[in-house]
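The data block below is target.cif; it holds mmCIF, C-alpha atoms.
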```
data_input
loop_
_atom_site.label_atom_id
_atom_site.label_comp_id
_atom_site.auth_asym_id
_atom_site.auth_seq_id
_atom_site.Cartn_x
_atom_site.Cartn_y
_atom_site.Cartn_z
CA MET A 1 -16.52 -31.98 0.05
CA ALA A 2 -14.01 -34.01 2.05
CA THR A 3 -12.12 -34.93 -1.14
CA ASP A 4 -11.92 -31.29 -2.25
CA LEU A 5 -10.74 -30.23 1.18
CA ASN A 6 -8.04 -32.89 1.25
CA GLN A 7 -6.83 -31.79 -2.18
CA LYS A 8 -6.70 -28.13 -1.09
CA LEU A 9 -4.86 -29.11 2.08
CA THR A 10 -2.36 -31.25 0.14
CA ARG A 11 -1.64 -28.43 -2.32
CA LEU A 12 -1.05 -25.98 0.52
CA GLN A 13 1.23 -28.43 2.33
CA GLN A 14 3.25 -28.96 -0.85
CA GLU A 15 3.60 -25.20 -1.38
CA LEU A 16 4.64 -24.80 2.24
CA GLN A 17 7.31 -27.50 1.87
CA GLN A 18 8.71 -25.83 -1.27
CA THR A 19 8.88 -22.48 0.51
CA TRP A 20 10.31 -24.14 3.63
CA THR A 21 13.16 -25.46 1.49
CA LYS A 22 13.76 -22.12 -0.28
CA LEU A 23 14.02 -20.31 3.05
CA HIS A 24 16.36 -22.98 4.53
CA ILE A 25 14.12 -23.29 7.58
CA GLU A 26 15.68 -26.59 8.69
CA GLN A 27 19.15 -25.05 8.74
CA LYS A 28 17.83 -21.99 10.59
CA LEU A 29 16.17 -24.21 13.20
CA GLN A 30 19.53 -25.88 13.79
CA ILE A 31 21.23 -22.50 14.19
CA LEU A 32 18.42 -21.44 16.52
CA GLN A 33 19.04 -24.45 18.78
CA GLU A 34 22.76 -23.65 18.91
CA LEU A 35 22.08 -19.99 19.76
CA GLU A 36 19.60 -20.94 22.50
CA ALA A 37 22.18 -23.26 24.04
CA GLU A 38 24.88 -20.59 23.82
CA VAL A 39 22.91 -17.72 25.40
CA ALA A 40 21.78 -20.05 28.20
CA LYS A 41 25.40 -20.30 29.42
CA PRO A 42 26.14 -17.80 32.23
CA GLU A 43 29.73 -17.27 31.07
CA ILE A 44 28.57 -15.62 27.85
CA TRP A 45 27.96 -12.44 29.89
CA LEU A 46 31.67 -12.15 30.58
CA ASN A 47 31.63 -10.41 27.19
CA PRO A 48 28.48 -8.21 27.33
CA ASP A 49 28.79 -6.89 23.77
CA TYR A 50 29.05 -10.40 22.33
CA ALA A 51 26.19 -11.62 24.54
CA LYS A 52 23.99 -8.75 23.39
CA ALA A 53 24.80 -9.47 19.73
CA GLN A 54 23.98 -13.18 20.14
CA ASN A 55 20.72 -12.38 21.91
CA THR A 56 19.78 -10.03 19.08
CA LYS A 57 20.48 -12.80 16.56
CA LEU A 58 18.40 -15.21 18.62
CA THR A 59 15.44 -12.83 18.82
CA ARG A 60 15.56 -12.03 15.12
CA LEU A 61 15.89 -15.66 14.02
CA THR A 62 13.11 -16.76 16.38
CA SER A 63 10.71 -14.17 14.97
CA GLU A 64 11.66 -15.31 11.46
CA VAL A 65 11.09 -19.07 11.79
CA GLN A 66 8.30 -19.27 14.39
CA PRO A 67 5.48 -18.27 12.01
CA TRP A 68 6.51 -21.04 9.60
CA GLN A 69 6.62 -23.60 12.40
CA LEU A 70 3.18 -22.51 13.59
CA LEU A 71 1.71 -22.81 10.09
CA GLN A 72 3.18 -26.28 9.67
CA THR A 73 1.66 -27.37 13.02
CA GLN A 74 -1.75 -25.88 12.16
CA LEU A 75 -1.86 -27.72 8.83
CA ALA A 76 -0.96 -31.00 10.55
CA ASP A 77 -3.76 -30.44 13.10
CA LEU A 78 -6.18 -29.69 10.29
CA GLN A 79 -5.21 -32.91 8.52
CA GLU A 80 -6.09 -34.87 11.65
CA LEU A 81 -9.51 -33.18 11.82
CA LEU A 82 -10.25 -34.01 8.17
CA ALA A 83 -9.42 -37.64 8.85
CA LEU A 84 -12.51 -37.78 11.11
CA ASN A 85 -14.67 -37.15 8.01
CA ASP A 86 -17.36 -35.32 10.02
CA PRO A 87 -19.53 -32.95 7.86
CA GLU A 88 -19.75 -30.30 10.60
CA ILE A 89 -16.03 -30.45 11.28
CA ASN A 90 -15.32 -30.30 7.54
CA GLN A 91 -17.29 -27.07 7.24
CA GLU A 92 -15.22 -25.43 9.96
CA ALA A 93 -12.05 -26.96 8.49
CA ASP A 94 -12.83 -25.33 5.15
CA ARG A 95 -12.99 -21.93 6.84
CA GLN A 96 -9.77 -22.59 8.74
CA LEU A 97 -8.05 -23.70 5.54
CA ASP A 98 -8.90 -20.39 3.86
CA ILE A 99 -7.44 -18.51 6.83
CA LEU A 100 -4.24 -20.60 6.77
CA ASN A 101 -3.90 -20.09 3.02
CA HIS A 102 -4.17 -16.32 3.55
CA ASN A 103 -1.55 -16.50 6.30
CA PHE A 104 0.71 -18.49 4.01
CA GLN A 105 0.42 -15.92 1.21
CA GLU A 106 1.38 -13.19 3.68
CA LEU A 107 4.36 -15.20 4.94
CA LYS A 108 5.51 -15.85 1.38
CA LYS A 109 6.29 -12.16 1.08
CA THR A 110 9.48 -12.87 3.01
CA LEU A 111 10.74 -14.58 -0.15
CA ARG A 112 11.13 -11.10 -1.60
CA PHE A 113 13.98 -10.39 0.80
CA THR A 114 16.91 -11.90 -1.04
CA GLY A 115 19.43 -9.08 -0.62
CA LYS A 116 22.47 -9.55 1.57
CA PHE A 117 21.38 -6.90 4.08
CA ASP A 118 17.59 -7.08 3.71
CA HIS A 119 17.08 -8.40 7.24
CA GLU A 120 19.16 -5.64 8.84
CA ASN A 121 18.06 -2.42 10.47
CA ALA A 122 18.18 0.73 8.35
CA ILE A 123 19.54 4.25 8.36
CA LEU A 124 17.17 6.86 6.89
CA ARG A 125 18.75 10.10 5.71
CA ILE A 126 16.64 12.91 4.23
CA THR A 127 18.28 15.92 2.56
CA ALA A 128 16.42 18.95 1.21
CA GLY A 129 17.15 19.87 -2.40
CA VAL A 130 17.72 23.33 -3.82
CA GLY A 131 14.84 25.74 -3.36
CA GLY A 132 15.26 27.12 0.12
CA THR A 133 12.29 27.01 2.51
CA GLU A 134 10.04 25.23 0.02
CA ALA A 135 12.47 22.30 -0.33
CA MET A 136 13.14 22.15 3.41
CA ASP A 137 9.41 22.01 4.11
CA TRP A 138 9.10 19.12 1.63
CA ALA A 139 11.94 17.32 3.42
CA SER A 140 10.08 17.68 6.73
CA MET A 141 6.91 16.28 5.10
CA LEU A 142 8.87 13.20 4.06
CA GLU A 143 10.35 12.95 7.56
CA ARG A 144 6.85 12.89 9.02
CA MET A 145 5.72 10.33 6.42
CA TYR A 146 8.49 7.87 7.31
CA LEU A 147 8.10 8.34 11.06
CA ARG A 148 4.35 7.65 10.73
CA TRP A 149 5.11 4.52 8.70
CA CYS A 150 7.59 3.32 11.32
CA GLU A 151 5.00 3.90 14.02
CA ASN A 152 2.46 1.83 12.06
CA GLN A 153 5.04 -0.97 11.76
CA SER A 154 5.92 -0.75 15.47
CA PHE A 155 9.50 -0.04 14.41
CA LYS A 156 11.82 1.80 16.80
CA THR A 157 13.33 5.07 15.55
CA SER A 158 16.33 6.92 16.93
CA CYS A 159 17.32 10.40 15.71
CA LEU A 160 21.05 10.56 14.95
CA GLU A 161 21.23 13.99 13.35
CA ARG A 162 18.73 16.76 12.55
CA THR A 163 19.29 20.25 11.16
CA THR A 164 16.28 22.54 10.92
CA GLY A 165 15.69 25.28 8.38
CA GLU A 166 15.78 28.98 9.25
CA GLU A 167 12.06 29.52 8.54
CA ALA A 168 10.51 26.06 8.28
CA GLY A 169 11.28 22.43 7.59
CA ILE A 170 14.61 20.62 7.79
CA LYS A 171 17.87 20.72 5.91
CA THR A 172 18.82 17.17 6.86
CA ALA A 173 17.59 14.44 9.19
CA VAL A 174 19.16 11.08 9.97
CA TYR A 175 17.36 8.27 11.79
CA GLU A 176 18.23 4.71 12.71
CA ILE A 177 15.24 2.41 12.20
CA SER A 178 15.09 -0.90 14.06
CA GLY A 179 12.68 -3.68 13.14
CA ASN A 180 12.35 -6.96 11.24
CA ASP A 181 13.50 -6.54 7.61
CA ALA A 182 13.68 -2.75 8.05
CA TYR A 183 16.25 -2.28 5.28
CA GLY A 184 14.57 -4.81 2.98
CA LEU A 185 11.28 -2.93 3.25
CA LEU A 186 12.61 0.61 3.04
CA LYS A 187 15.19 0.15 0.28
CA SER A 188 12.40 0.97 -2.18
CA GLU A 189 12.53 4.57 -0.90
CA HIS A 190 16.17 5.23 -1.83
CA GLY A 191 16.36 8.07 -4.35
CA VAL A 192 15.01 11.52 -5.20
CA HIS A 193 11.38 12.37 -4.32
CA ARG A 194 9.62 15.19 -6.22
CA LEU A 195 6.68 17.28 -4.98
CA VAL A 196 4.37 19.47 -7.08
CA ARG A 197 1.95 21.73 -5.17
CA LEU A 198 0.70 25.29 -4.68
CA SER A 199 3.38 26.91 -2.58
CA PRO A 200 2.33 27.99 0.94
CA PHE A 201 5.46 30.17 1.03
CA ASN A 202 4.75 32.10 -2.17
CA ALA A 203 2.68 35.30 -2.01
CA ASP A 204 1.29 34.63 -5.49
CA ASN A 205 0.33 31.05 -4.51
CA LEU A 206 2.11 29.70 -7.59
CA ARG A 207 2.67 26.03 -8.35
CA GLN A 208 6.05 24.93 -7.04
CA THR A 209 8.23 21.87 -7.66
CA SER A 210 10.48 20.69 -4.84
CA PHE A 211 12.99 17.89 -4.48
CA ALA A 212 14.42 15.91 -1.57
CA LEU A 213 16.96 13.10 -1.49
CA VAL A 214 16.10 10.03 0.59
CA GLU A 215 18.93 7.63 1.36
CA ILE A 216 18.24 4.21 2.84
CA LEU A 217 21.35 2.46 4.15
CA PRO A 218 21.73 -0.93 5.87
CA VAL A 219 23.02 -0.94 9.44
CA ILE A 220 26.16 -3.08 9.31
CA GLU A 221 27.50 -3.68 12.79
CA ASN A 222 29.84 -6.49 11.72
CA THR A 223 33.05 -4.80 10.60
CA GLU A 224 34.02 -7.92 8.65
CA GLU A 225 31.11 -7.42 6.24
CA ILE A 226 32.52 -4.15 4.88
CA LYS A 227 36.25 -3.81 5.51
CA ILE A 228 37.55 -0.24 5.37
CA ASP A 229 41.27 0.48 5.29
CA ASP A 230 42.28 3.08 7.89
CA LYS A 231 44.52 4.83 5.36
CA ASP A 232 41.43 5.56 3.25
CA LEU A 233 39.85 7.61 6.06
CA ARG A 234 40.22 11.20 7.16
CA ILE A 235 38.72 11.83 10.60
CA ASP A 236 38.01 15.38 11.80
CA VAL A 237 36.65 16.34 15.21
CA TYR A 238 34.96 19.62 16.12
CA HIS A 239 32.59 21.23 18.62
CA SER A 240 29.07 19.87 18.60
CA GLY A 241 26.52 22.42 17.44
CA GLY A 242 23.50 20.76 19.03
CA HIS A 243 21.63 21.47 22.25
CA GLY A 244 22.49 19.48 25.29
CA GLY A 245 23.73 19.38 28.83
CA GLN A 246 27.11 19.55 30.40
CA SER A 247 30.12 19.13 28.02
CA VAL A 248 28.04 19.60 24.86
CA ASN A 249 29.43 22.49 22.75
CA THR A 250 32.51 22.66 25.00
CA THR A 251 34.42 19.60 23.76
CA ASN A 252 35.36 18.25 20.35
CA SER A 253 32.72 15.50 20.50
CA ALA A 254 31.40 15.84 16.92
CA VAL A 255 33.06 13.61 14.30
CA ARG A 256 33.31 13.92 10.52
CA ILE A 257 34.70 10.91 8.61
CA THR A 258 35.65 11.13 4.95
CA HIS A 259 36.22 8.02 2.85
CA LEU A 260 38.88 9.43 0.54
CA PRO A 261 38.59 7.04 -2.46
CA THR A 262 34.87 7.79 -2.91
CA ASN A 263 34.77 11.23 -1.22
CA THR A 264 31.92 9.94 0.97
CA VAL A 265 31.42 12.09 4.07
CA VAL A 266 29.55 11.17 7.27
CA ALA A 267 29.24 13.60 10.20
CA ILE A 268 27.66 12.79 13.57
CA GLN A 269 27.38 15.03 16.62
CA ASN A 270 24.33 13.68 18.37
CA GLU A 271 26.02 11.38 20.87
CA ARG A 272 27.63 12.61 24.07
CA SER A 273 31.15 11.35 23.47
CA GLN A 274 33.53 11.51 20.57
CA LEU A 275 33.95 7.72 20.69
CA GLN A 276 30.18 7.14 20.40
CA ASN A 277 29.93 9.59 17.51
CA LYS A 278 32.85 7.92 15.75
CA GLU A 279 31.31 4.45 16.14
CA LYS A 280 27.95 5.65 14.81
CA ALA A 281 29.62 7.49 11.92
CA MET A 282 31.57 4.36 10.96
CA GLU A 283 28.36 2.33 11.10
CA ILE A 284 26.68 4.76 8.69
CA LEU A 285 29.76 4.87 6.46
CA ARG A 286 29.71 1.08 6.12
CA GLY A 287 26.06 1.32 5.12
CA LYS A 288 26.79 4.03 2.56
CA LEU A 289 29.61 2.03 0.98
CA ALA A 290 27.45 -1.12 0.93
CA GLN A 291 24.69 0.84 -0.81
CA MET A 292 27.18 2.21 -3.36
CA GLN A 293 28.51 -1.30 -3.91
CA GLN A 294 25.02 -2.50 -4.80
CA GLU A 295 24.35 0.48 -7.08
CA GLN A 296 27.65 0.15 -8.93
CA GLN A 297 27.50 -3.67 -8.87
CA THR A 298 31.09 -4.07 -7.76
CA GLU A 299 32.57 -7.08 -5.98
CA SER A 300 34.38 -5.01 -3.34
CA ILE A 301 34.51 -1.46 -2.03
CA ASP A 302 38.04 -1.14 -3.44
CA LYS A 303 36.45 -0.89 -6.89
CA LEU A 304 33.94 1.82 -5.98
CA ARG A 305 34.05 4.97 -8.07
CA ALA A 306 33.38 8.42 -6.63
CA GLY A 307 30.36 10.30 -7.94
CA GLU A 308 28.79 7.38 -9.79
CA SER A 309 26.10 6.43 -7.29
CA ALA A 310 22.50 7.55 -7.47
CA LYS A 311 22.31 11.07 -6.05
CA TRP A 312 20.46 14.01 -7.57
CA GLY A 313 19.53 12.25 -10.76
CA GLN A 314 16.08 11.33 -12.03
CA GLN A 315 13.43 11.17 -9.32
CA ILE A 316 12.03 7.78 -8.28
CA ARG A 317 8.63 9.08 -7.22
CA ASN A 318 6.39 12.05 -7.99
CA TYR A 319 3.90 13.46 -5.48
CA VAL A 320 1.44 15.75 -7.28
CA LEU A 321 -0.99 17.76 -5.13
CA GLN A 322 -1.90 20.33 -7.81
CA PRO A 323 -3.55 20.57 -10.41
CA TYR A 324 -4.60 16.95 -9.72
CA LYS A 325 -3.80 14.45 -6.97
CA LEU A 326 -1.52 11.53 -7.74
CA VAL A 327 1.54 9.74 -6.39
CA LYS A 328 3.40 7.74 -9.04
CA ASP A 329 6.55 5.64 -8.87
CA THR A 330 8.67 6.12 -11.96
CA ARG A 331 10.26 2.63 -11.67
CA THR A 332 7.24 0.38 -11.13
CA LYS A 333 4.61 2.77 -12.59
CA HIS A 334 2.51 2.07 -9.50
CA GLU A 335 0.02 4.86 -8.73
CA ASN A 336 -2.02 6.05 -5.77
CA LYS A 337 -4.61 8.80 -6.11
CA ASP A 338 -4.69 9.59 -2.40
CA PRO A 339 -1.45 11.52 -1.73
CA GLU A 340 -2.69 12.65 1.69
CA ALA A 341 -2.85 9.01 2.83
CA VAL A 342 0.59 8.29 1.36
CA LEU A 343 2.08 11.31 3.13
CA ASP A 344 0.45 10.07 6.32
CA GLY A 345 2.64 6.95 6.19
CA LYS A 346 0.39 4.64 4.18
CA PHE A 347 2.71 3.77 1.30
CA ASP A 348 2.99 -0.01 1.74
CA ASP A 349 1.51 -0.49 -1.74
CA PHE A 350 4.59 1.23 -3.21
CA ILE A 351 6.90 -1.00 -1.16
CA ASP A 352 5.02 -4.12 -2.31
CA ALA A 353 5.09 -3.05 -5.96
CA TYR A 354 8.83 -2.41 -5.81
CA LEU A 355 9.65 -5.71 -4.06
CA GLU A 356 7.43 -7.64 -6.48
CA SER A 357 9.31 -6.05 -9.38
CA LEU A 358 12.56 -7.47 -7.96
CA VAL A 359 11.28 -11.07 -7.76
CA GLY A 360 13.09 -13.16 -10.31
CA LYS A 361 15.72 -10.53 -11.08
#
```
Exercise: express the given structure as structure tokens:
Amino acid sequence: MATDLNQKLTRLQQELQQTWTKLHIEQKLQILQELEAEVAKPEIWLNPDYAKAQNTKLTRLTSEVQPWQLLQTQLADLQELLALNDPEINQEADRQLDILNHNFQELKKTLRFTGKFDHENAILRITAGVGGTEAMDWASMLERMYLRWCENQSFKTSCLERTTGEEAGIKTAVYEISGNDAYGLLKSEHGVHRLVRLSPFNADNLRQTSFALVEILPVIENTEEIKIDDKDLRIDVYHSGGHGGQSVNTTNSAVRITHLPTNTVVAIQNERSQLQNKEKAMEILRGKLAQMQQEQQTESIDKLRAGESAKWGQQIRNYVLQPYKLVKDTRTKHENKDPEAVLDGKFDDFIDAYLESLVGK
């Protein structure tokens, strides 16, 4: 038994070392040490914005490398126990080895995040398709689904914009989602979602098909990542239409930014000041242009073409509630026969299937 255990342990250690190298853990540990030393200096707070950004980097990098360090330490401890060659200890070591192997397989999923912005936070934008109340109700169902998923992930959500329908549902909703690998996880949801069900808004209770567009954009705070020429922008300000306290609806705090070369429009009115709305709108615009850059596979945003990104084209996922129950992804062909669970925020199997399909591409 001891020989088999040592062989299993050696294989796992070798796999860990290969993954350690692929993820550049050594380099990240060096960066982590430098960040820890930097944020420990009192003078860093002379520039609060920079200090906050460095602390965010430190927190994110720490949460990324710590699990790998812990696994490496646990395997080393287990190797010392096996060296004692005690039958009772070996039995417990075998159980521990299975647990560590499971933990390793879960950690390996981070290898799926190879995109430039996969580790960033995400912007979620939901837009109801044509079809009036039916489509707006479908958009609100998707809104609930994603908010439930974020809650399950312990991700923080912040509503940036929300326009409700006249009778039910929403016309649009925009959220910023903060959490480890938020964009990398949610990028699988970018596209058109189609619902088939018996309409609750139809007197004849007929089967209805509804569409909603889900956009997932990376949050790009670093302006150097996506450089936008000022001459390519048209900025309009207007009265905010939302509810609020003093100064809301009385000043031109709402901002609409148009990127002229691609005719991409971002409007934000949720923040109190025009400056805050402009900053948030620019953040979303950078995300939109980065997403378009990936879709069109261009080297720079200067080569982006208007109207050629995925919009209201073929749906990426079908949610059928009638005459049978099935959720099916048109890209990966992954299926789930429990649409109620999916719409309750349990769609991690679709995320996993999509990310696995990207491995090796």
Name the residues that the PyMOL selection byres ((chain A and resi 57) around 12) pulls out of this structure, and write them as an NGL selection string. :A and (28 or 31-36 or 38-39 or 50-56 or 58-64 or 119-120 or 180)
Applying 12 Å and all atoms listed in the file, which residues near His190 in chain A remain after dropping the ones on its own chain fewer than 5 positions away? List them as a ChimeraX atom specification. /A:122-127,183-185,212-218,288,291-292,295,309-317,329,331,351,354
Deliver the residues from the most recent selection as a file, using C-alpha atoms, as a PDB file, keeping the file's coordinate frame.
```
ATOM      1  CA  ALA A 122      18.180   0.730   8.350  1.00  0.00           C
ATOM      2  CA  ILE A 123      19.540   4.250   8.360  1.00  0.00           C
ATOM      3  CA  LEU A 124      17.170   6.860   6.890  1.00  0.00           C
ATOM      4  CA  ARG A 125      18.750  10.100   5.710  1.00  0.00           C
ATOM      5  CA  ILE A 126      16.640  12.910   4.230  1.00  0.00           C
ATOM      6  CA  THR A 127      18.280  15.920   2.560  1.00  0.00           C
ATOM      7  CA  TYR A 183      16.250  -2.280   5.280  1.00  0.00           C
ATOM      8  CA  GLY A 184      14.570  -4.810   2.980  1.00  0.00           C
ATOM      9  CA  LEU A 185      11.280  -2.930   3.250  1.00  0.00           C
ATOM     10  CA  ALA A 212      14.420  15.910  -1.570  1.00  0.00           C
ATOM     11  CA  LEU A 213      16.960  13.100  -1.490  1.00  0.00           C
ATOM     12  CA  VAL A 214      16.100  10.030   0.590  1.00  0.00           C
ATOM     13  CA  GLU A 215      18.930   7.630   1.360  1.00  0.00           C
ATOM     14  CA  ILE A 216      18.240   4.210   2.840  1.00  0.00           C
ATOM     15  CA  LEU A 217      21.350   2.460   4.150  1.00  0.00           C
ATOM     16  CA  PRO A 218      21.730  -0.930   5.870  1.00  0.00           C
ATOM     17  CA  LYS A 288      26.790   4.030   2.560  1.00  0.00           C
ATOM     18  CA  GLN A 291      24.690   0.840  -0.810  1.00  0.00           C
ATOM     19  CA  MET A 292      27.180   2.210  -3.360  1.00  0.00           C
ATOM     20  CA  GLU A 295      24.350   0.480  -7.080  1.00  0.00           C
ATOM     21  CA  SER A 309      26.100   6.430  -7.290  1.00  0.00           C
ATOM     22  CA  ALA A 310      22.500   7.550  -7.470  1.00  0.00           C
ATOM     23  CA  LYS A 311      22.310  11.070  -6.050  1.00  0.00           C
ATOM     24  CA  TRP A 312      20.460  14.010  -7.570  1.00  0.00           C
ATOM     25  CA  GLY A 313      19.530  12.250 -10.760  1.00  0.00           C
ATOM     26  CA  GLN A 314      16.080  11.330 -12.030  1.00  0.00           C
ATOM     27  CA  GLN A 315      13.430  11.170  -9.320  1.00  0.00           C
ATOM     28  CA  ILE A 316      12.030   7.780  -8.280  1.00  0.00           C
ATOM     29  CA  ARG A 317       8.630   9.080  -7.220  1.00  0.00           C
ATOM     30  CA  ASP A 329       6.550   5.640  -8.870  1.00  0.00           C
ATOM     31  CA  ARG A 331      10.260   2.630 -11.670  1.00  0.00           C
ATOM     32  CA  ILE A 351       6.900  -1.000  -1.160  1.00  0.00           C
ATOM     33  CA  TYR A 354       8.830  -2.410  -5.810  1.00  0.00           C
TER      34      TYR A 354
END
```
One number please: CA of Glu279 in chain A to CA of Lys187 in chain A, in Å, one decimal.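 CA of Lys187 in chain A lies at a distance of 23.0 Å from CA of Glu279 in chain A.
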Work out how far apart CA of Asn205 in chain A and CA of Tyr319 in chain A are and give it in Å to one decimal. 18.0 Å
Could you check the closest approach to Pro261 in chain A for each of A:Glu283, A:Asp181, A:Asp229, A:Asp204 and tell me which residue wins, using only C-alpha atoms?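 Going through A:Glu283, A:Asp181, A:Asp229, A:Asp204 one by one, the smallest distance to Pro261 in chain A is for A:Asp229.
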Quick one: everything within 7 Å of Gly169 in chain A, counting only C-alpha atoms, minus sequence neighbours fewer than 5 positions away in the same chain. Send it as a ChimeraX atom specification. /A:133,136-137,139-140,164
With C-alpha atoms retained, write the just-selected residues as a PDB file, in the coordinates of the input.
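Written file, result-v1.pdb:
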```pdb
ATOM      1  CA  THR A 133      12.290  27.010   2.510  1.00  0.00           C
ATOM      2  CA  MET A 136      13.140  22.150   3.410  1.00  0.00           C
ATOM      3  CA  ASP A 137       9.410  22.010   4.110  1.00  0.00           C
ATOM      4  CA  ALA A 139      11.940  17.320   3.420  1.00  0.00           C
ATOM      5  CA  SER A 140      10.080  17.680   6.730  1.00  0.00           C
ATOM      6  CA  THR A 164      16.280  22.540  10.920  1.00  0.00           C
TER       7      THR A 164
END
```
Write out, as CSV, each residue of range 148-228 of chain A that has an atom at most 9 Å from range 320-323 of chain A, together with the closest pair of atoms and their distance in Å to one decimal, counting all atoms listed in the file, rows going by chain and rising number.
```
residue,atom,partner,partner_atom,distance
A:Arg194,CA,A:Val320,CA,8.3
A:Leu195,CA,A:Val320,CA,5.9
A:Val196,CA,A:Val320,CA,4.7
A:Arg197,CA,A:Gln322,CA,4.9
A:Leu198,CA,A:Gln322,CA,6.4
A:Arg207,CA,A:Gln322,CA,7.3
```
Distance of CA of Glu161 in chain A from CA of Leu233 in chain A, expressed in Å to one decimal place: 21.0 Å
Using the chain letters and residue numbers of this document, give as a PyMOL selection string the residues selected by the PyMOL selection byres ((chain A and resi 159) around 7). chain A and resi 157-158+160-161+174-176
Prev. selection, C-alpha atoms, output as an mmCIF file, keeping the file's coordinate frame:
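Final file, selection03.cif:
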```cif
data_model
loop_
_atom_site.group_PDB
_atom_site.id
_atom_site.type_symbol
_atom_site.label_atom_id
_atom_site.label_comp_id
_atom_site.auth_asym_id
_atom_site.auth_seq_id
_atom_site.Cartn_x
_atom_site.Cartn_y
_atom_site.Cartn_z
ATOM 1 C CA THR A 157 13.330 5.070 15.550
ATOM 2 C CA SER A 158 16.330 6.920 16.930
ATOM 3 C CA LEU A 160 21.050 10.560 14.950
ATOM 4 C CA GLU A 161 21.230 13.990 13.350
ATOM 5 C CA VAL A 174 19.160 11.080 9.970
ATOM 6 C CA TYR A 175 17.360 8.270 11.790
ATOM 7 C CA GLU A 176 18.230 4.710 12.710
#
```
I need the residue nearest Ser357 in chain A from this list: A:Gly129, A:Leu142, A:Arg112, A:Met282. Use all atoms listed in the file for the distance. A:Arg112
